[in-house]
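Visitor: Pasting a structure below so you can have a look.
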Amino acid sequence: MNTKQSQTLLAVLLAGGTTLSAQNAATPAAAATNDAASEIGLQQVVETHDGLSASAGYQFQFLYRDNPFYVDAPPTNAAKSRIMVHTFMGAVSLNDADSNNFFTDNTLGVLYQQVRYQEDLLKGFDYDTTSAFYKANINKQLGEWQPSIGIGYTKIKIDPVSIDVFDGFFPYLALTKIYPKENNSQFIAALKTSYGLTDIKGTSTDENRLDSWTTTATVGQHYSINSQIGLKSNCHADYSYFGEGSNSGRGDFLIGAGTSLYYMINKYLVADVFADYSKRFSNEDIYEYDNWDAGVKIGAMIQF
C-alpha cells in the first residue's frame with residue numbers, strides 16, 4: 001500500500017469512526033457499541049450484578065455502506081461497498097454500589113474488530129481496530145441523572161500491510177438518565193463530553209491535528225414486542241471542535257439516527273436487521289458527508 005492509499009484510508013476511518021453501525025448493539029442490554037449512545041454501549045456488556053462479573057462476546061455483521069469514503073460529493077456506484085465485520089469483545093465489572101467508595105460499578109473492557117471490504121477495488125483498505133476502556137459511576141446522583149467517568153483507547157492498523165496508522169486516548173465525563181419502562185417501551189438519555197488525545201502515525205508534523213473536544217447528546221428507545229422480539233432505536237447529535245495543527249478552528253456537527261429489529265434466538269444468541277443514517281456539517285466544506293448503512297448481524301454473549 002502506497003502513502004497516498006494509507007492517507008486515504010486514515011481519512012476514511014477518522015471520518016466515519018472506528019466502529020461500524022454504532023447506533024445498534026450486539027444485545028438488547030446495550031444500544032450501541034461505542035460513542036453513539038455514551039453510556040449505552042460496550043461499557044455495559046456486563047449487566048448489573050452484585051460483586052464481580054465478566055462477559056465475552058462475538059458479533060458478525062454484513063452490511064451495505066452507501067458512502068464508505070465519507071466524501072462530500074455523491075459517491076459513484078464503484079465506491080459503494082458491502083462490508084463484513086468481525087467483532088470480539090470482553091469485559092469485567094465490579095458492582096459495589098452499596099459501598100462508600102466515590103467510584104462504583106467499575107468496568108474494564110476490550111474490543112477487537114476486523115473490517116473487510118467485499119469489493120475488489122476496496123480490499124486494500126481493510127483495517128483492524130483494537131480498543132480498551134475503563135468506566136465507573138460516580139457515587140452521587142444529580143437529580144435523576146447518573147454521572148460517570150471513563151477513558152478509552154483505540155488503535156487502527158491497516159490489515160494488508162500490518163501498519164499502525166493511528167492511536168488515541170479519549171477521557172470523558174457523562175450523565176445518563178434511564179426512564180421507567182411503560183407499555184413495553186423504555187427510553188434512555190445521555191450527555192457526554194470527551195477530549196481526544198490523538199497521534200497520527202507516519203508523520204513528524206501535524207500528528208495531533210485530530211485532537212478535539214466532542215460533546216454528544218443521545219436519546220435511545222428499547223421497545224419489546226414480545227419476550228424474543230424487539231426494536232432498538234436512537235438518535236444523537238455531536239459537536240466536535242479541533243484546536244491543533246492544520247485543523248485548528250475546525251468545527252463539526254454530526255447528526256445520526258438508527259434502528260434495529262432484533263430476535264433473541266436464545267439467552268446467548270441474537271440476530272438483527274438494522275439501518276443507520278449519519279450526516280456531518282462542518283465549517284470546512286471538505287469534511288461534510290452523509291451516509292447510509294444497512295445490514296444484518298448476529299451476536300453471541302456469555303456472562304460469568
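Numbering starts fresh at 1 for the residues of each chain in the C-alpha cells, the chains themselves are lettered A, B, ... in the order given, and ligands are numbered from 1 as they appear.
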For stretch 177-194 of chain A, work out the shell of residues within 6 Å, counting only C-alpha atoms and skipping chain neighbours fewer than 6 positions away, then give it as a list in words.

Guide: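 That gives Trp145, Pro171, Trp213, Thr214, Thr215, Thr216, Ala217, Thr218, Val219, Gly220, Gln221, His222, Tyr223 and Ser224 of chain A.
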
Visitor: Would you give me, as CSV, each residue of stretch 153-223 of chain A having an atom within 8 Å of an atom of stretch 123-144 of chain A, along with its shortest atom pair and that distance in Å to one decimal, using only C-alpha atoms and sorting by chain and residue number?

Guide:
```
residue,atom,partner,partner_atom,distance
A:Tyr153,CA,A:Ala132,CA,5.2
A:Thr154,CA,A:Ser131,CA,4.3
A:Lys155,CA,A:Thr130,CA,5.2
A:Ile156,CA,A:Thr129,CA,4.6
A:Lys157,CA,A:Asp128,CA,5.2
A:Ile158,CA,A:Tyr127,CA,4.5
A:Asp159,CA,A:Tyr127,CA,4.7
A:Pro160,CA,A:Gly124,CA,6.4
A:Lys177,CA,A:Glu144,CA,6.2
```

Visitor: Export all heavy atoms of the chosen residues as a compact mmCIF listing (two decimals), in the first residue's frame?

Guide:
```txt
# COMPACT_ATOMS: atom_id res chain seq x y z
N TYR A 153 -9.24 3.86 24.75
CA TYR A 153 -8.04 3.86 23.90
C TYR A 153 -8.37 3.11 22.62
O TYR A 153 -9.03 2.06 22.67
CB TYR A 153 -6.86 3.17 24.61
CG TYR A 153 -5.69 2.91 23.68
CD1 TYR A 153 -4.80 3.92 23.35
CD2 TYR A 153 -5.49 1.65 23.12
CE1 TYR A 153 -3.73 3.70 22.50
CE2 TYR A 153 -4.43 1.41 22.26
CZ TYR A 153 -3.54 2.44 21.95
OH TYR A 153 -2.50 2.21 21.09
N THR A 154 -7.95 3.64 21.48
CA THR A 154 -8.20 3.00 20.20
C THR A 154 -6.94 3.05 19.34
O THR A 154 -6.26 4.09 19.28
CB THR A 154 -9.34 3.68 19.44
OG1 THR A 154 -10.56 3.49 20.15
CG2 THR A 154 -9.51 3.10 18.04
N LYS A 155 -6.63 1.93 18.70
CA LYS A 155 -5.52 1.85 17.74
C LYS A 155 -6.05 1.29 16.43
O LYS A 155 -6.83 0.33 16.42
CB LYS A 155 -4.40 0.94 18.27
CG LYS A 155 -3.22 0.80 17.30
CD LYS A 155 -2.09 -0.02 17.91
CE LYS A 155 -2.44 -1.49 18.00
NZ LYS A 155 -1.29 -2.31 18.43
N ILE A 156 -5.64 1.90 15.30
CA ILE A 156 -6.06 1.47 13.97
C ILE A 156 -4.85 0.94 13.22
O ILE A 156 -3.80 1.59 13.18
CB ILE A 156 -6.69 2.63 13.18
CG1 ILE A 156 -7.89 3.21 13.94
CG2 ILE A 156 -7.12 2.16 11.79
CD1 ILE A 156 -8.45 4.47 13.30
N LYS A 157 -5.02 -0.22 12.61
CA LYS A 157 -3.94 -0.85 11.84
C LYS A 157 -4.46 -1.23 10.46
O LYS A 157 -5.54 -1.81 10.34
CB LYS A 157 -3.43 -2.10 12.56
CG LYS A 157 -2.29 -2.81 11.84
CD LYS A 157 -1.86 -4.07 12.59
CE LYS A 157 -2.91 -5.17 12.46
NZ LYS A 157 -2.45 -6.46 13.04
N ILE A 158 -3.70 -0.88 9.42
CA ILE A 158 -4.04 -1.32 8.07
C ILE A 158 -3.74 -2.81 7.98
O ILE A 158 -2.61 -3.25 8.23
CB ILE A 158 -3.23 -0.54 7.01
CG1 ILE A 158 -3.53 0.95 7.10
CG2 ILE A 158 -3.54 -1.07 5.62
CD1 ILE A 158 -2.64 1.79 6.23
N ASP A 159 -4.74 -3.59 7.60
CA ASP A 159 -4.56 -5.04 7.63
C ASP A 159 -3.62 -5.58 6.56
O ASP A 159 -2.75 -6.40 6.87
CB ASP A 159 -5.92 -5.74 7.51
CG ASP A 159 -5.78 -7.25 7.47
OD1 ASP A 159 -5.41 -7.83 8.49
OD2 ASP A 159 -6.02 -7.82 6.39
N PRO A 160 -3.74 -5.17 5.28
CA PRO A 160 -2.93 -5.83 4.26
C PRO A 160 -1.42 -5.73 4.50
O PRO A 160 -0.67 -6.63 4.13
CB PRO A 160 -3.33 -5.10 2.97
CG PRO A 160 -4.70 -4.58 3.24
CD PRO A 160 -4.68 -4.19 4.69
N LYS A 177 -29.66 9.17 32.10
CA LYS A 177 -30.95 9.05 32.75
C LYS A 177 -31.74 7.92 32.11
O LYS A 177 -31.94 7.91 30.89
CB LYS A 177 -31.74 10.36 32.64
CG LYS A 177 -33.11 10.31 33.32
CD LYS A 177 -33.83 11.65 33.23
CE LYS A 177 -35.20 11.59 33.90
NZ LYS A 177 -35.91 12.89 33.84
```

Visitor: From the list A:Asp276, A:Lys267, A:Ile255, A:Leu52, which residue is nearest A:Asn106 when using only C-alpha atoms?

Guide: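 Looking at the shortest contact to A:Asn106, the residue is A:Leu52.
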
Visitor: What's around A:Val71 at 6 Å? Count only C-alpha atoms, leave out sequence neighbours fewer than 2 positions away in its own chain, and write the answer as an MDAnalysis selection string.

Guide: chainID A and resid 69 73 289

Visitor: Please, could you write that set of residues out with N, CA, C and O atoms as a compact mmCIF listing (two decimals), in the first residue's frame?

Guide:
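Wrote it out as again-v7.txt, contents follow:
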```txt
# COMPACT_ATOMS: atom_id res chain seq x y z
N PHE A 69 -16.23 6.14 1.75
CA PHE A 69 -15.12 7.08 1.85
C PHE A 69 -15.52 8.39 2.52
O PHE A 69 -14.70 9.30 2.65
N ALA A 73 -19.24 14.65 -1.75
CA ALA A 73 -19.97 14.58 -3.02
C ALA A 73 -20.61 13.21 -3.14
O ALA A 73 -20.16 12.25 -2.52
N TYR A 289 -20.38 15.21 4.90
CA TYR A 289 -20.80 13.99 4.21
C TYR A 289 -22.16 13.55 4.74
O TYR A 289 -22.62 14.00 5.79
```

Visitor: For atom CA of A:Ser162 and atom CA of A:Asn67, determine how far apart the two atoms are, in Å to one decimal place.

Guide: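 It comes out at 24.6 Å.
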
Visitor: One decimal, in Å: what's the spacing between atom CA of A:Gln118 and atom CA of A:Lys297?

Guide: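 Separation of atom CA of A:Gln118 and atom CA of A:Lys297: 15.9 Å.
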
Visitor: Pull the strand (DSSP E or B) assignments for stretch 127-190 of chain A out of DSSP run on the backbone, and list those residues as a count of residues only.

Guide: 50

Visitor: Report as a list in words all protein, DNA and RNA residues lying within 10 Å of A:Ser248, evaluated on only C-alpha atoms, omitting residues in the same chain fewer than 2 positions from it.

Guide: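 Using only C-alpha atoms, the neighbours found are Arg209, Leu210, Asp211, Ser212, Tyr241, Phe242, Gly243, Glu244, Gly245, Ser246, Arg250 and Gly251 of chain A.
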
Visitor: Mind giving me the straight-line distance from atom CA of A:Trp292 to atom CA of A:Gly258 in Å, one decimal?

Guide: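 Separating atom CA of A:Trp292 from atom CA of A:Gly258 is a distance of 9.7 Å.
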